[in-house]
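This report concerns only the one structure given below.
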Number of protein chains: 2
Amino acid sequence: MVEQVIETLKKNQLSITDSRKTILQLFMQSDGALAHMDIENNTGEEFDRVTIYRTLQTFVDKGIIHTIPSSDNAIRYALCKDACSEGHHHDNHIHFMCDYCGTTYCLDHVQVPTLQLPGGFLAARTDMVVSGSCNRCNQ
Amino acid sequence: MVEQVIETLKKNQLSITDSRKTILQLFMQSDGALAHMDIENNTGEEFDRVTIYRTLQTFVDKGIIHTIPSSDNAIRYALCKDACSEGHHHDNHIHFMCDYCGTTYCLDHVQVPTLQLPGGFLAARTDMVVSGSCNRCNQ
DNA sequence: ACCACATTGCAACATAGTTGCAAAAAATAA
DNA sequence: TTATTTTTTGCAACTATGTTGCAATGTGGT
């Protein structure tokens with residue numbers, strides 16, 4: 001896992017620092033999306049708040065993670081699949097937020113449907129977030 | 001317009017106050033969605049920040065307006081169509097955010113498509129936000 | 001006009017995110 | 001390996017966003 005973390009950082013021409021290693025590893029271990037708070041809680045006092053914000057922003061810029069919009073006013077982040085490159089995200093899948101456990105999933109195999117927009121509207125990006133109960137809470 | 005504002009407030013058993021009248025009228029005059037800031041800017045020093053937050057929350061609770069999620073971490077609000085009732089929103093349409101002018105539109109005639117979710121996932125609500133260039137910026 | 005109740009404004013607090021800058025740590029060169 | 005350059009980090013301070021308790025004010029009903 002650690003080699004994969006370092007490989008990813010090198011591939012994106014990022015210098016190898018403790019915060020980047022730790023935070024990227026957190027994403028690789030996690031099956032859901034992470035909010036800033038989740039990371040702060042998981043790393044303890046190890047890193048400054050500002051460092052976490054900047055690390056996340058760097059990862060988004062490099063196409064390593066992508067943001068997930070939500071109505072609760074807290075941006076979540078999740079790993080991008082291979083198709084994402086610097087400055088160009090291909091996160092064309094839907095996101096699922098569980099109302100009960102709060103986990104946010106990337107449903108990579110559910111594609112965002114293409115829409116017929118009214119005349120004059122040009123789509124550049126589509127975000128689709130479904131909420132409800134997930135496969136662990138709904139048994 | 002003013003009669004319609006008062007009628008709507010009465011229909012929802014809300015007392016008629018200056019802030020409610022002014023803010024609801026703002027929504028009726030606006031063709032796009034409004035963020036808290038838009039309202040604060042449009043009403044000047046007339047109302048306290050807290051009053052605006054509480055008024056918006058009241059309107060959401062009553063089903064007069066609905067929230068629109070976004071990735072820029074600022075909740076937007078737009079008028080609900082008639083089908084919305086207290087505690088039960090039917091905002092089953094997509095939203096469009098223009099990257100150039102910043103306007104958020106409710107595309108009432110574009111329905112959110114139904115998705116086939118993986119086993120165990122149950123959808124309660126779907127938010128779909130398309131961004132790109134709108135019919136005024138894209139000419 | 002009066003009374004009961006709902007709403008507002010204020011102060012204070014809580015959370016989320018940003019910016020400038022000096023210190024520390026990586027990467028690079030010698 | 002050490003020295004130098006460049007990047008990254010931590011701190012402090014700040015802005016934006018949103019919430020809560022409470023006293024003062026306004027609204028609706030009699």
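Note on naming: chains are A, B, ... as they come in the structure tokens, residues start from 1 per chain, ligands start from 1 in the order shown.
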Chain A contacts to chain C at 8 Å (only C-alpha atoms (C1' of nucleotides)) as a PyMOL selection string: chain A and resi 15-17+74
Test item: residues at most 9 Å from His109 of chain A, only C-alpha atoms (C1' of nucleotides), excluding those fewer than 4 positions along its chain, as a tab-separated table (two decimals) with N, CA and C atoms, in the first residue's frame:
```
chain	number	residue	atom	x	y	z
A	93	HIS	N	-19.54	9.21	-12.49
A	93	HIS	CA	-20.37	8.22	-11.82
A	93	HIS	C	-21.21	8.92	-10.77
A	94	ILE	N	-22.19	8.22	-10.24
A	94	ILE	CA	-23.04	8.87	-9.25
A	94	ILE	C	-22.49	8.62	-7.84
B	118	PRO	N	-27.10	-0.43	-7.31
B	118	PRO	CA	-26.62	-1.76	-6.93
B	118	PRO	C	-27.49	-2.34	-5.82
```
Pick from A:Ser70, A:Gln4, A:Asn42, A:Thr103 nearest to chain B, counting only C-alpha atoms: A:Ser70
At a cut-off of 10 Å, which residues of chain D touch chain A? Count only C-alpha atoms (C1' of nucleotides) and give the answer as number ranges by chain. D: 7-11, 17-18
Against chain A, which residues of chain B fall within 9 Å? For each one I want the closest pair of atoms and the distance in Å (one decimal), counting only C-alpha atoms, rows by chain and increasing residue number, as a Markdown table.
```
| residue | atom | partner | partner_atom | distance |
| --- | --- | --- | --- | --- |
| B:Thr67 | CA | A:Ser71 | CA | 7.4 |
| B:Ile68 | CA | A:Ser71 | CA | 6.8 |
| B:Pro69 | CA | A:Ser71 | CA | 4.3 |
| B:Ser70 | CA | A:Pro69 | CA | 5.2 |
| B:Ser71 | CA | A:Pro69 | CA | 4.2 |
| B:Asp72 | CA | A:Pro69 | CA | 7.7 |
| B:Asn73 | CA | A:Asn73 | CA | 5.3 |
| B:Ala74 | CA | A:Asn73 | CA | 6.7 |
| B:Ile75 | CA | A:Ser71 | CA | 6.9 |
| B:Phe96 | CA | A:Ala123 | CA | 8.4 |
| B:Cys98 | CA | A:Phe121 | CA | 8.8 |
| B:Asp99 | CA | A:Ala124 | CA | 8.9 |
| B:Leu107 | CA | A:Pro118 | CA | 8.1 |
| B:His109 | CA | A:Pro118 | CA | 8.5 |
| B:Val110 | CA | A:Leu117 | CA | 7.1 |
| B:Gln111 | CA | A:Leu115 | CA | 9.0 |
| B:Val112 | CA | A:Leu115 | CA | 8.8 |
| B:Pro113 | CA | A:Pro113 | CA | 7.4 |
| B:Leu115 | CA | A:Val110 | CA | 7.9 |
| B:Gln116 | CA | A:Val110 | CA | 7.5 |
| B:Leu117 | CA | A:Val110 | CA | 7.0 |
| B:Pro118 | CA | A:Leu107 | CA | 8.1 |
| B:Gly119 | CA | A:Asn135 | CA | 7.0 |
| B:Gly120 | CA | A:Asn135 | CA | 4.0 |
| B:Phe121 | CA | A:Cys134 | CA | 4.6 |
| B:Leu122 | CA | A:Ser133 | CA | 5.2 |
| B:Ala123 | CA | A:Gly132 | CA | 4.5 |
| B:Ala124 | CA | A:Gly132 | CA | 4.5 |
| B:Arg125 | CA | A:Ser131 | CA | 5.3 |
| B:Thr126 | CA | A:Val130 | CA | 4.3 |
| B:Asp127 | CA | A:Val129 | CA | 5.2 |
| B:Met128 | CA | A:Met128 | CA | 4.4 |
| B:Val129 | CA | A:Asp127 | CA | 5.2 |
| B:Val130 | CA | A:Thr126 | CA | 4.3 |
| B:Ser131 | CA | A:Arg125 | CA | 5.3 |
| B:Gly132 | CA | A:Ala124 | CA | 4.5 |
| B:Ser133 | CA | A:Leu122 | CA | 5.2 |
| B:Cys134 | CA | A:Phe121 | CA | 4.6 |
| B:Asn135 | CA | A:Gly120 | CA | 4.0 |
| B:Arg136 | CA | A:Gly120 | CA | 7.5 |
| B:Cys137 | CA | A:Gly120 | CA | 8.6 |
| B:Asn138 | CA | A:Gly120 | CA | 6.3 |
| B:Gln139 | CA | A:Gly120 | CA | 7.3 |
```
Backbone-only DSSP, helix (DSSP H, G or I) members of segment 29-78 of chain B, as a list in words: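 These are the residues in question: Gln29, His36, Met37, Asp38, Ile39, Glu40, Asn41, Asn42, Thr43, Arg49, Val50, Thr51, Ile52, Tyr53, Arg54, Thr55, Leu56, Gln57, Thr58, Phe59, Val60, Asp61 and Lys62 of chain B.
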